[in-house]
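Next comes upload-v2.tsv, a file with TSV, C-alpha atoms.
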chain	number	residue	atom	x	y	z
A	1	MET	CA	33.60	-207.24	-7.29
A	2	SER	CA	33.34	-206.61	-3.61
A	3	LEU	CA	32.98	-202.83	-3.62
A	4	ALA	CA	30.42	-202.49	-6.41
A	5	GLY	CA	27.91	-199.73	-5.79
A	6	LYS	CA	30.07	-198.03	-3.16
A	7	THR	CA	31.58	-194.57	-3.45
A	8	ALA	CA	35.18	-194.15	-2.33
A	9	LEU	CA	36.89	-190.83	-1.72
A	10	VAL	CA	40.68	-190.86	-1.95
A	11	THR	CA	42.58	-187.68	-1.09
A	12	GLY	CA	45.83	-186.89	-2.85
A	13	ALA	CA	45.19	-189.27	-5.73
A	14	THR	CA	47.25	-187.65	-8.48
A	15	ARG	CA	50.48	-189.55	-7.95
A	16	GLY	CA	52.24	-192.27	-6.05
A	17	ILE	CA	50.42	-194.19	-3.33
A	18	GLY	CA	47.13	-192.28	-3.68
A	19	LYS	CA	46.96	-192.99	-7.39
A	20	ALA	CA	47.57	-196.69	-6.80
A	21	ILE	CA	44.90	-196.78	-4.09
A	22	ALA	CA	42.34	-195.12	-6.37
A	23	LYS	CA	43.10	-197.68	-9.06
A	24	ALA	CA	42.90	-200.64	-6.67
A	25	LEU	CA	39.52	-199.55	-5.26
A	26	ALA	CA	38.17	-198.95	-8.77
A	27	GLU	CA	39.27	-202.46	-9.73
A	28	GLN	CA	37.17	-203.76	-6.84
A	29	GLY	CA	34.16	-202.03	-8.35
A	30	ALA	CA	33.97	-198.85	-6.28
A	31	THR	CA	33.09	-195.51	-7.82
A	32	VAL	CA	36.25	-193.64	-6.91
A	33	VAL	CA	36.57	-189.90	-6.52
A	34	GLY	CA	40.18	-188.76	-6.22
A	35	THR	CA	41.22	-185.33	-5.01
A	36	ALA	CA	44.04	-183.16	-6.27
A	37	THR	CA	45.26	-179.69	-5.41
A	38	SER	CA	45.36	-178.52	-9.03
A	39	GLU	CA	42.92	-178.51	-11.92
A	40	GLN	CA	45.50	-180.35	-14.00
A	41	GLY	CA	45.82	-183.04	-11.35
A	42	ALA	CA	42.04	-183.46	-11.16
A	43	GLU	CA	41.88	-183.87	-14.94
A	44	SER	CA	44.52	-186.59	-14.92
A	45	ILE	CA	42.59	-188.44	-12.19
A	46	THR	CA	39.41	-188.18	-14.23
A	47	ALA	CA	41.26	-189.61	-17.23
A	48	ASP	CA	42.40	-192.56	-15.11
A	49	LEU	CA	39.07	-193.24	-13.43
A	50	LYS	CA	36.35	-192.35	-15.89
A	51	ALA	CA	36.14	-195.85	-17.37
A	52	SER	CA	34.97	-197.07	-13.96
A	53	GLY	CA	32.62	-194.13	-13.34
A	54	GLY	CA	34.94	-192.15	-11.09
A	55	PHE	CA	36.42	-188.70	-11.44
A	56	GLY	CA	38.94	-186.22	-10.08
A	57	LEU	CA	38.14	-183.21	-7.96
A	58	VAL	CA	40.10	-180.14	-6.86
A	59	MET	CA	40.15	-180.04	-3.07
A	60	ASP	CA	42.55	-178.50	-0.59
A	61	VAL	CA	42.32	-180.74	2.48
A	62	SER	CA	43.89	-178.02	4.64
A	63	ASP	CA	41.03	-175.63	3.87
A	64	PRO	CA	37.71	-176.32	5.69
A	65	ALA	CA	35.64	-174.49	3.05
A	66	SER	CA	37.24	-176.45	0.24
A	67	VAL	CA	36.60	-179.74	2.04
A	68	GLU	CA	32.97	-178.84	2.63
A	69	ALA	CA	32.43	-177.88	-1.01
A	70	GLY	CA	34.28	-180.98	-2.21
A	71	LEU	CA	32.27	-183.35	-0.04
A	72	LYS	CA	29.05	-181.75	-1.26
A	73	GLN	CA	30.07	-182.28	-4.85
A	74	VAL	CA	31.00	-185.91	-4.21
A	75	SER	CA	27.67	-186.64	-2.54
A	76	GLU	CA	25.73	-185.00	-5.36
A	77	GLN	CA	27.62	-186.61	-8.21
A	78	ALA	CA	28.58	-190.00	-6.82
A	79	GLY	CA	26.65	-190.50	-3.58
A	80	ALA	CA	27.79	-190.30	0.04
A	81	PRO	CA	31.21	-191.92	0.45
A	82	ALA	CA	31.17	-195.38	2.02
A	83	ILE	CA	34.97	-195.48	1.92
A	84	LEU	CA	37.29	-192.63	2.81
A	85	VAL	CA	41.03	-192.89	2.28
A	86	ASN	CA	42.97	-190.02	3.79
A	87	ASN	CA	46.16	-190.15	1.80
A	88	ALA	CA	47.00	-186.51	1.03
A	89	GLY	CA	50.10	-185.37	2.85
A	90	ILE	CA	53.07	-183.08	2.65
A	91	THR	CA	56.54	-182.89	4.16
A	92	ARG	CA	58.33	-179.75	5.36
A	93	ASP	CA	61.48	-181.33	6.74
A	94	ASN	CA	63.97	-179.60	8.92
A	95	LEU	CA	65.75	-180.17	12.19
A	96	LEU	CA	63.59	-178.95	15.01
A	97	MET	CA	66.08	-176.23	15.89
A	98	ARG	CA	65.56	-174.82	12.42
A	99	LEU	CA	61.90	-175.68	11.92
A	100	LYS	CA	59.69	-172.68	11.22
A	101	ASP	CA	56.23	-172.18	12.71
A	102	GLU	CA	54.81	-172.33	9.24
A	103	ASP	CA	56.49	-175.70	8.55
A	104	TRP	CA	54.89	-177.01	11.71
A	105	SER	CA	51.41	-175.65	11.11
A	106	SER	CA	51.16	-176.47	7.41
A	107	VAL	CA	52.10	-180.12	8.08
A	108	MET	CA	49.60	-180.29	10.96
A	109	GLU	CA	46.82	-178.81	8.82
A	110	THR	CA	47.43	-180.94	5.75
A	111	ASN	CA	48.35	-184.22	7.43
A	112	LEU	CA	46.33	-184.23	10.67
A	113	SER	CA	43.53	-181.63	10.79
A	114	SER	CA	42.48	-182.69	7.30
A	115	VAL	CA	41.82	-186.20	8.61
A	116	TYR	CA	39.60	-184.78	11.32
A	117	ARG	CA	37.65	-182.70	8.78
A	118	THR	CA	37.08	-185.30	6.09
A	119	SER	CA	36.29	-188.07	8.59
A	120	LYS	CA	33.73	-185.94	10.39
A	121	ALA	CA	32.13	-185.00	7.09
A	122	VAL	CA	31.59	-188.59	5.94
A	123	LEU	CA	30.47	-190.13	9.25
A	124	ARG	CA	26.84	-189.13	8.99
A	125	GLY	CA	26.34	-190.97	5.72
A	126	MET	CA	28.26	-193.99	6.96
A	127	ALA	CA	26.31	-194.13	10.24
A	128	LYS	CA	23.05	-194.04	8.31
A	129	ALA	CA	24.20	-196.81	6.01
A	130	ARG	CA	25.54	-198.81	8.97
A	131	TRP	CA	28.64	-199.42	6.86
A	132	GLY	CA	31.80	-197.43	6.43
A	133	ARG	CA	35.55	-197.67	6.01
A	134	ILE	CA	37.97	-194.94	7.00
A	135	ILE	CA	41.53	-195.73	6.06
A	136	ASN	CA	44.31	-193.32	6.92
A	137	VAL	CA	47.72	-193.45	5.35
A	138	SER	CA	50.22	-193.03	8.15
A	139	SER	CA	53.95	-193.66	7.91
A	140	VAL	CA	56.61	-195.91	9.35
A	141	VAL	CA	58.14	-192.82	10.97
A	142	ALA	CA	55.06	-192.32	13.18
A	143	GLY	CA	56.36	-195.18	15.27
A	144	MET	CA	60.10	-194.90	14.62
A	145	GLY	CA	60.65	-191.17	14.70
A	146	ASN	CA	62.95	-189.58	12.18
A	147	PRO	CA	65.42	-186.73	12.49
A	148	GLY	CA	64.26	-183.72	10.50
A	149	GLN	CA	60.63	-184.77	10.63
A	150	ALA	CA	59.34	-183.80	14.08
A	151	ASN	CA	56.33	-182.14	12.46
A	152	TYR	CA	55.59	-185.00	10.07
A	153	CYS	CA	56.08	-187.70	12.73
A	154	ALA	CA	53.87	-185.84	15.21
A	155	ALA	CA	51.11	-185.47	12.63
A	156	LYS	CA	51.26	-189.11	11.55
A	157	ALA	CA	51.34	-190.40	15.13
A	158	GLY	CA	48.38	-188.09	15.77
A	159	VAL	CA	46.52	-189.70	12.90
A	160	GLU	CA	47.08	-193.13	14.43
A	161	GLY	CA	45.70	-192.03	17.81
A	162	PHE	CA	42.77	-190.33	16.14
A	163	THR	CA	42.05	-193.53	14.23
A	164	ARG	CA	41.96	-195.64	17.38
A	165	SER	CA	39.46	-193.31	19.05
A	166	LEU	CA	37.31	-193.17	15.96
A	167	ALA	CA	37.37	-196.95	15.73
A	168	LYS	CA	36.02	-197.24	19.26
A	169	GLU	CA	33.34	-194.61	18.70
A	170	MET	CA	31.91	-196.04	15.51
A	171	SER	CA	32.49	-199.79	15.54
A	172	ASN	CA	28.94	-200.65	16.58
A	173	ARG	CA	27.70	-198.85	13.47
A	174	GLY	CA	29.58	-201.11	11.09
A	175	ILE	CA	32.23	-198.47	10.55
A	176	THR	CA	35.89	-199.38	10.83
A	177	ALA	CA	38.87	-197.03	11.02
A	178	ASN	CA	42.40	-198.20	10.36
A	179	CYS	CA	45.80	-196.94	9.32
A	180	VAL	CA	48.23	-198.25	6.78
A	181	ALA	CA	51.81	-197.24	7.54
A	182	PRO	CA	54.07	-197.44	4.48
A	183	GLY	CA	57.84	-197.61	4.77
A	184	PHE	CA	60.02	-196.50	1.87
A	185	ILE	CA	57.89	-196.74	-1.25
A	186	ASP	CA	59.09	-196.04	-4.78
A	187	THR	CA	57.45	-192.67	-5.36
A	188	ASP	CA	58.53	-189.17	-6.41
A	189	MET	CA	59.45	-188.52	-2.79
A	190	THR	CA	62.00	-191.33	-2.52
A	191	ARG	CA	63.22	-190.83	-6.10
A	192	LYS	CA	64.58	-187.47	-5.00
A	193	LEU	CA	67.11	-189.17	-2.73
A	194	ASP	CA	70.71	-189.48	-3.89
A	195	ASP	CA	72.65	-192.76	-4.19
A	196	LYS	CA	74.21	-192.43	-0.76
A	197	GLN	CA	70.85	-191.88	0.91
A	198	ARG	CA	69.43	-194.78	-1.05
A	199	GLU	CA	72.22	-197.08	0.06
A	200	ALA	CA	71.67	-196.11	3.71
A	201	MET	CA	67.97	-196.79	3.27
A	202	MET	CA	68.53	-200.26	1.83
A	203	GLU	CA	70.58	-201.24	4.85
A	204	VAL	CA	67.61	-200.82	7.16
A	205	ILE	CA	65.10	-202.62	4.93
A	206	PRO	CA	65.34	-206.38	5.41
A	207	ALA	CA	63.48	-206.93	2.14
A	208	GLY	CA	66.36	-205.16	0.40
A	209	ARG	CA	64.20	-203.09	-1.91
A	210	LEU	CA	61.71	-200.24	-1.94
A	211	GLY	CA	58.03	-201.03	-1.79
A	212	GLU	CA	55.72	-200.45	-4.74
A	213	PRO	CA	52.67	-198.16	-4.39
A	214	GLU	CA	50.53	-201.14	-5.44
A	215	GLU	CA	51.73	-203.06	-2.39
A	216	VAL	CA	50.31	-200.35	-0.15
A	217	ALA	CA	47.13	-200.13	-2.21
A	218	ALA	CA	46.51	-203.86	-1.85
A	219	VAL	CA	46.34	-203.52	1.94
A	220	VAL	CA	44.00	-200.53	1.63
A	221	ALA	CA	41.76	-202.54	-0.70
A	222	PHE	CA	41.62	-205.33	1.86
A	223	LEU	CA	40.74	-202.94	4.69
A	224	ALA	CA	37.99	-201.46	2.50
A	225	SER	CA	36.44	-204.85	1.86
A	226	ASP	CA	33.77	-206.74	3.78
A	227	ALA	CA	36.43	-209.30	4.66
A	228	ALA	CA	38.06	-206.75	6.98
A	229	ALA	CA	34.89	-205.96	8.94
A	230	TYR	CA	36.42	-207.12	12.24
A	231	VAL	CA	39.69	-205.23	11.82
A	232	THR	CA	39.47	-201.79	13.40
A	233	GLY	CA	41.73	-199.34	15.19
A	234	GLU	CA	44.71	-201.13	13.68
A	235	THR	CA	47.84	-199.81	11.99
A	236	ILE	CA	49.18	-202.18	9.37
A	237	ASN	CA	52.85	-201.77	8.49
A	238	VAL	CA	53.82	-202.16	4.85
A	239	ASN	CA	57.55	-201.64	5.05
A	240	GLY	CA	59.55	-204.71	4.01
A	241	GLY	CA	60.37	-205.47	7.63
A	242	MET	CA	62.17	-202.24	8.51
A	243	TYR	CA	59.99	-201.59	11.56
A	244	MET	CA	57.65	-203.91	13.43
A	245	GLY	CA	56.41	-201.81	16.33
B	246	MET	CA	-0.44	-185.31	7.79
B	247	SER	CA	0.89	-186.69	11.06
B	248	THR	CA	1.35	-184.45	14.06
B	249	VAL	CA	4.77	-183.41	15.31
B	250	GLU	CA	4.33	-185.80	18.22
B	251	GLU	CA	3.67	-188.76	15.93
B	252	ARG	CA	6.58	-187.94	13.66
B	253	VAL	CA	8.99	-187.50	16.58
B	254	LYS	CA	7.91	-190.80	18.11
B	255	LYS	CA	8.28	-192.59	14.79
B	256	ILE	CA	11.87	-191.34	14.46
B	257	VAL	CA	12.64	-192.31	18.04
B	258	CYS	CA	11.40	-195.84	17.31
B	259	GLU	CA	13.46	-196.09	14.14
B	260	GLN	CA	16.66	-194.68	15.60
B	261	LEU	CA	16.61	-196.46	18.93
B	262	GLY	CA	15.01	-199.68	17.76
B	263	VAL	CA	12.25	-199.59	20.36
B	264	LYS	CA	8.55	-200.42	20.06
B	265	GLU	CA	5.98	-197.66	19.73
B	266	SER	CA	4.30	-198.85	22.92
B	267	GLU	CA	7.52	-198.19	24.86
B	268	VAL	CA	7.77	-194.57	23.77
B	269	GLN	CA	5.95	-192.24	26.15
B	270	ASN	CA	6.17	-188.45	26.10
B	271	ALA	CA	8.04	-188.53	29.38
B	272	SER	CA	10.47	-191.23	28.23
B	273	SER	CA	14.10	-190.32	28.65
B	274	PHE	CA	16.19	-191.37	25.64
B	275	VAL	CA	19.06	-192.64	27.76
B	276	GLU	CA	17.40	-193.91	30.93
B	277	ASP	CA	14.15	-195.31	29.57
B	278	LEU	CA	14.91	-196.11	25.96
B	279	GLY	CA	18.48	-197.34	26.30
B	280	ALA	CA	20.16	-194.81	24.03
B	281	ASP	CA	23.94	-194.43	24.21
B	282	SER	CA	25.75	-191.16	23.46
B	283	LEU	CA	26.13	-191.97	19.78
B	284	ASP	CA	22.43	-192.88	19.53
B	285	THR	CA	21.46	-189.46	20.86
B	286	VAL	CA	23.70	-187.72	18.30
B	287	GLU	CA	22.13	-189.75	15.51
B	288	LEU	CA	18.65	-189.10	16.85
B	289	VAL	CA	19.20	-185.35	16.73
B	290	MET	CA	20.51	-185.66	13.16
B	291	ALA	CA	17.44	-187.64	12.16
B	292	LEU	CA	15.16	-185.01	13.72
B	293	GLU	CA	17.05	-182.29	11.83
B	294	GLU	CA	16.42	-184.09	8.58
B	295	GLU	CA	12.78	-184.92	9.22
B	296	PHE	CA	11.89	-181.37	10.22
B	297	GLU	CA	14.40	-179.62	7.94
B	298	THR	CA	15.92	-177.61	10.74
B	299	GLU	CA	19.31	-177.18	12.36
B	300	ILE	CA	19.52	-177.96	16.06
B	301	PRO	CA	22.59	-176.25	17.59
B	302	ASP	CA	24.78	-178.46	19.78
B	303	GLU	CA	24.00	-176.52	22.95
B	304	GLU	CA	20.27	-177.02	22.34
B	305	ALA	CA	20.70	-180.65	21.32
B	306	GLU	CA	22.30	-181.45	24.68
B	307	LYS	CA	19.12	-180.33	26.43
B	308	LEU	CA	16.87	-182.68	24.47
B	309	THR	CA	16.83	-185.63	26.83
B	310	SER	CA	13.24	-186.81	26.57
B	311	VAL	CA	10.59	-187.33	23.90
B	312	GLN	CA	8.66	-184.32	25.20
B	313	ASP	CA	11.80	-182.13	25.03
B	314	ALA	CA	12.16	-183.01	21.38
B	315	ILE	CA	8.51	-182.34	20.61
B	316	ASP	CA	8.62	-178.98	22.39
B	317	TYR	CA	11.79	-177.97	20.58
B	318	ILE	CA	10.38	-178.85	17.17
B	319	VAL	CA	7.07	-177.09	17.83
B	320	ALA	CA	8.88	-173.95	18.98
B	321	HIS	CA	11.42	-173.89	16.13
B	322	THR	CA	9.64	-174.97	12.97
I'd like the structure from this file rewritten - as structure tokens, please.
Amino acid sequence: MSLAGKTALVTGATRGIGKAIAKALAEQGATVVGTATSEQGAESITADLKASGGFGLVMDVSDPASVEAGLKQVSEQAGAPAILVNNAGITRDNLLMRLKDEDWSSVMETNLSSVYRTSKAVLRGMAKARWGRIINVSSVVAGMGNPGQANYCAAKAGVEGFTRSLAKEMSNRGITANCVAPGFIDTDMTRKLDDKQREAMMEVIPAGRLGEPEEVAAVVAFLASDAAAYVTGETINVNGGMYMG
Amino acid sequence: MSTVEERVKKIVCEQLGVKESEVQNASSFVEDLGADSLDTVELVMALEEEFETEIPDEEAEKLTSVQDAIDYIVAHT
């Protein structure tokens, strides 16, 4: 297994795409630590990962103190992360004319500033090891734009720019930084949509179906592997053909 | 127990991949020893670990030569 002996930190690993990523990295042999915002979520992650030596952890990625404490615990219990997957994210959708300051700032904190914090915290260990993988989960809307998601799109596009800079800074230390940009994936988020919204969605997806979380996780697992050592600063779309920018 | 000077020079050699004979007290990390900006950041981190001290960013920027580093460590540990 290609990731044996490596510690991977996956944020937002309770459900959906994050959960599938944690599972995929564990299957490759990594010791996976998954973060959740609740104690209950952390326990469910531990239940999923303990067979492979991993565990769940309560961490609020929007809170610098929580990130610092979480990273310390990971390093002590599992070793410095060699792989970081920034997956945690929230939506606070509204048309810009109705968007509240708080909707803007909470999305920026959780989806963009968090990536800055966690990435900075793991770089030292990765630089020392001369090996590291930072994989950020972006979104198809970062490139496309989406009405009602000015905050979310701005944050995700920000993550992609951040990733390209980071890739250039760290590539001669064996550290790569990439994004995976999912389209419509079958998760709790898309399950909330009604039939009409679903129908409209299908019309713009050439593949004619939603993606599975495992299909996103497979790309993350590849980017985490040694095979992807020469791929950096890239955003890989996983969207059934709906956007190819 | 090695002196501060010996320990600093050893870390410089390890971090910058240079030979001991190349490292003089007056050597500049960037101009003489070929360090890039990331190398200098890593060098400061390695010094922090070796001497169990925190070097603030504004001080770290001033450490441009081997002697600067030695002087800083002697004065702060």
Which residues, written as a VMD selection string, have at least one atom at most 9 Å from Leu261 in chain B, with all atoms listed in the file counted and residues fewer than 5 positions away on the same chain left out?
chain B and resid 256 274 278 to 280 284 to 285 288
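Nearest-residue note for chain B: choosing from A:Ser62, A:Gln197, A:Ser119, A:Ser171, the minimum distance belongs to A:Ser171, counting all atoms listed in the file.
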Padded axis-aligned box of range 165-181 of chain A (3 Å per side), centre and edge lengths, Å, one decimal, as JSON:
{"center_x": 39.8, "center_y": -197.1, "center_z": 13.0, "size_x": 30.1, "size_y": 13.9, "size_z": 18.5}
At a cut-off of 9 Å, which residues of chain A touch chain B? Count all atoms listed in the file and give the answer as a PyMOL selection string.
chain A and resi 124+127-128+169-170
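Compared by their closest atoms to Gly29 in chain A, and using only C-alpha atoms, the residues A:Ile135, A:Ala224, A:Val219, A:Ala42 rank with A:Ala224 nearest.
The shell of residues at most 10 Å from range 262-272 of chain B, with only C-alpha atoms counted and near chain neighbours (fewer than 6 positions) removed, consists of B:Glu250, B:Glu251, B:Val253, B:Lys254, B:Lys255, B:Ile256, B:Leu278, B:Gly279, B:Ala280, B:Thr309, B:Ser310, B:Val311, B:Gln312, B:Asp313, B:Ala314, B:Ile315.
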With C-alpha atoms retained, could you export that selection as a short mmCIF file (atom, residue, chain, number, x, y, z; two decimals), in the coordinates of the input?
data_model
loop_
_atom_site.label_atom_id
_atom_site.label_comp_id
_atom_site.auth_asym_id
_atom_site.auth_seq_id
_atom_site.Cartn_x
_atom_site.Cartn_y
_atom_site.Cartn_z
CA GLU B 250 4.33 -185.80 18.22
CA GLU B 251 3.67 -188.76 15.93
CA VAL B 253 8.99 -187.50 16.58
CA LYS B 254 7.91 -190.80 18.11
CA LYS B 255 8.28 -192.59 14.79
CA ILE B 256 11.87 -191.34 14.46
CA LEU B 278 14.91 -196.11 25.96
CA GLY B 279 18.48 -197.34 26.30
CA ALA B 280 20.16 -194.81 24.03
CA THR B 309 16.83 -185.63 26.83
CA SER B 310 13.24 -186.81 26.57
CA VAL B 311 10.59 -187.33 23.90
CA GLN B 312 8.66 -184.32 25.20
CA ASP B 313 11.80 -182.13 25.03
CA ALA B 314 12.16 -183.01 21.38
CA ILE B 315 8.51 -182.34 20.61
#
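Atom to atom, CA of Leu9 in chain A and CA of Thr35 in chain A stand 7.7 Å apart.
Interatomic distance, CA of Thr110 in chain A to CA of Asp194 in chain A: 26.6 Å.
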Counting all atoms listed in the file, note down every residue that has an atom within 12 Å of the point (66.0, -204.0, -1.4) (file coordinates), as a list of chain:residue names.
A:Phe184, A:Ile185, A:Asp186, A:Arg198, A:Glu199, A:Ala200, A:Met201, A:Met202, A:Glu203, A:Val204, A:Ile205, A:Pro206, A:Ala207, A:Gly208, A:Arg209, A:Leu210, A:Gly211, A:Glu212, A:Asn239, A:Gly240, A:Gly241, A:Met242
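For the choices A:Ala155, A:Val140, A:Val231, A:Met189, the atom-to-atom distance to Ala167 in chain A is smallest for A:Val231 when using all atoms listed in the file.
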One decimal, in Å: what's the spacing between CA of Ala177 in chain A and CA of Gly16 in chain A?
22.2 Å
Would you mind putting back all heavy atoms on range 299-308 of chain B, then writing it out as an mmCIF file, keeping the file's coordinate frame?
data_model
loop_
_atom_site.group_PDB
_atom_site.id
_atom_site.type_symbol
_atom_site.label_atom_id
_atom_site.label_comp_id
_atom_site.auth_asym_id
_atom_site.auth_seq_id
_atom_site.Cartn_x
_atom_site.Cartn_y
_atom_site.Cartn_z
ATOM 1 N N GLU B 299 17.996 -176.947 11.757
ATOM 2 C CA GLU B 299 19.310 -177.180 12.360
ATOM 3 C C GLU B 299 19.154 -177.044 13.869
ATOM 4 O O GLU B 299 18.623 -176.046 14.350
ATOM 5 C CB GLU B 299 20.312 -176.131 11.876
ATOM 6 C CG GLU B 299 20.765 -176.336 10.457
ATOM 7 C CD GLU B 299 22.193 -176.898 10.374
ATOM 8 O OE1 GLU B 299 22.950 -176.720 11.338
ATOM 9 O OE2 GLU B 299 22.509 -177.515 9.353
ATOM 10 N N ILE B 300 19.576 -178.036 14.602
ATOM 11 C CA ILE B 300 19.520 -177.960 16.060
ATOM 12 C C ILE B 300 20.944 -177.714 16.561
ATOM 13 O O ILE B 300 21.802 -178.587 16.426
ATOM 14 C CB ILE B 300 18.946 -179.259 16.658
ATOM 15 C CG1 ILE B 300 17.577 -179.569 16.016
ATOM 16 C CG2 ILE B 300 18.829 -179.133 18.178
ATOM 17 C CD1 ILE B 300 16.953 -180.880 16.474
ATOM 18 N N PRO B 301 21.223 -176.533 17.110
ATOM 19 C CA PRO B 301 22.590 -176.250 17.590
ATOM 20 C C PRO B 301 22.984 -177.216 18.702
ATOM 21 O O PRO B 301 22.117 -177.692 19.450
ATOM 22 C CB PRO B 301 22.500 -174.808 18.132
ATOM 23 C CG PRO B 301 21.181 -174.276 17.694
ATOM 24 C CD PRO B 301 20.288 -175.422 17.400
ATOM 25 N N ASP B 302 24.290 -177.488 18.797
ATOM 26 C CA ASP B 302 24.780 -178.460 19.780
ATOM 27 C C ASP B 302 24.326 -178.150 21.207
ATOM 28 O O ASP B 302 23.956 -179.048 21.956
ATOM 29 C CB ASP B 302 26.310 -178.531 19.749
ATOM 30 C CG ASP B 302 26.794 -179.235 18.495
ATOM 31 O OD1 ASP B 302 25.953 -179.857 17.806
ATOM 32 O OD2 ASP B 302 27.992 -179.168 18.195
ATOM 33 N N GLU B 303 24.355 -176.857 21.566
ATOM 34 C CA GLU B 303 24.000 -176.520 22.950
ATOM 35 C C GLU B 303 22.518 -176.781 23.226
ATOM 36 O O GLU B 303 22.128 -177.079 24.350
ATOM 37 C CB GLU B 303 24.406 -175.085 23.318
ATOM 38 C CG GLU B 303 23.826 -173.997 22.439
ATOM 39 C CD GLU B 303 24.679 -173.714 21.196
ATOM 40 O OE1 GLU B 303 25.458 -174.608 20.782
ATOM 41 O OE2 GLU B 303 24.543 -172.620 20.625
ATOM 42 N N GLU B 304 21.690 -176.686 22.187
ATOM 43 C CA GLU B 304 20.270 -177.020 22.340
ATOM 44 C C GLU B 304 20.092 -178.540 22.336
ATOM 45 O O GLU B 304 19.298 -179.092 23.103
ATOM 46 C CB GLU B 304 19.454 -176.404 21.187
ATOM 47 C CG GLU B 304 19.424 -174.890 21.168
ATOM 48 C CD GLU B 304 18.664 -174.309 22.357
ATOM 49 O OE1 GLU B 304 17.746 -174.977 22.867
ATOM 50 O OE2 GLU B 304 19.018 -173.189 22.776
ATOM 51 N N ALA B 305 20.828 -179.187 21.460
ATOM 52 C CA ALA B 305 20.700 -180.650 21.320
ATOM 53 C C ALA B 305 20.981 -181.359 22.642
ATOM 54 O O ALA B 305 20.323 -182.348 22.978
ATOM 55 C CB ALA B 305 21.662 -181.138 20.242
ATOM 56 N N GLU B 306 21.947 -180.828 23.394
ATOM 57 C CA GLU B 306 22.300 -181.450 24.680
ATOM 58 C C GLU B 306 21.124 -181.441 25.660
ATOM 59 O O GLU B 306 21.034 -182.287 26.539
ATOM 60 C CB GLU B 306 23.468 -180.695 25.325
ATOM 61 C CG GLU B 306 24.797 -181.042 24.706
ATOM 62 C CD GLU B 306 25.888 -180.074 25.127
ATOM 63 O OE1 GLU B 306 25.735 -179.411 26.165
ATOM 64 O OE2 GLU B 306 26.889 -179.985 24.389
ATOM 65 N N LYS B 307 20.246 -180.448 25.488
ATOM 66 C CA LYS B 307 19.120 -180.330 26.430
ATOM 67 C C LYS B 307 17.953 -181.254 26.073
ATOM 68 O O LYS B 307 17.013 -181.399 26.849
ATOM 69 C CB LYS B 307 18.620 -178.883 26.454
ATOM 70 C CG LYS B 307 19.642 -177.901 27.009
ATOM 71 C CD LYS B 307 19.035 -176.502 27.021
ATOM 72 C CE LYS B 307 20.105 -175.426 26.966
ATOM 73 N NZ LYS B 307 19.595 -174.181 26.378
ATOM 74 N N LEU B 308 17.981 -181.818 24.893
ATOM 75 C CA LEU B 308 16.870 -182.680 24.470
ATOM 76 C C LEU B 308 17.097 -184.086 25.017
ATOM 77 O O LEU B 308 17.721 -184.920 24.392
ATOM 78 C CB LEU B 308 16.784 -182.731 22.941
ATOM 79 C CG LEU B 308 16.711 -181.380 22.215
ATOM 80 C CD1 LEU B 308 16.555 -181.601 20.715
ATOM 81 C CD2 LEU B 308 15.547 -180.545 22.733
#
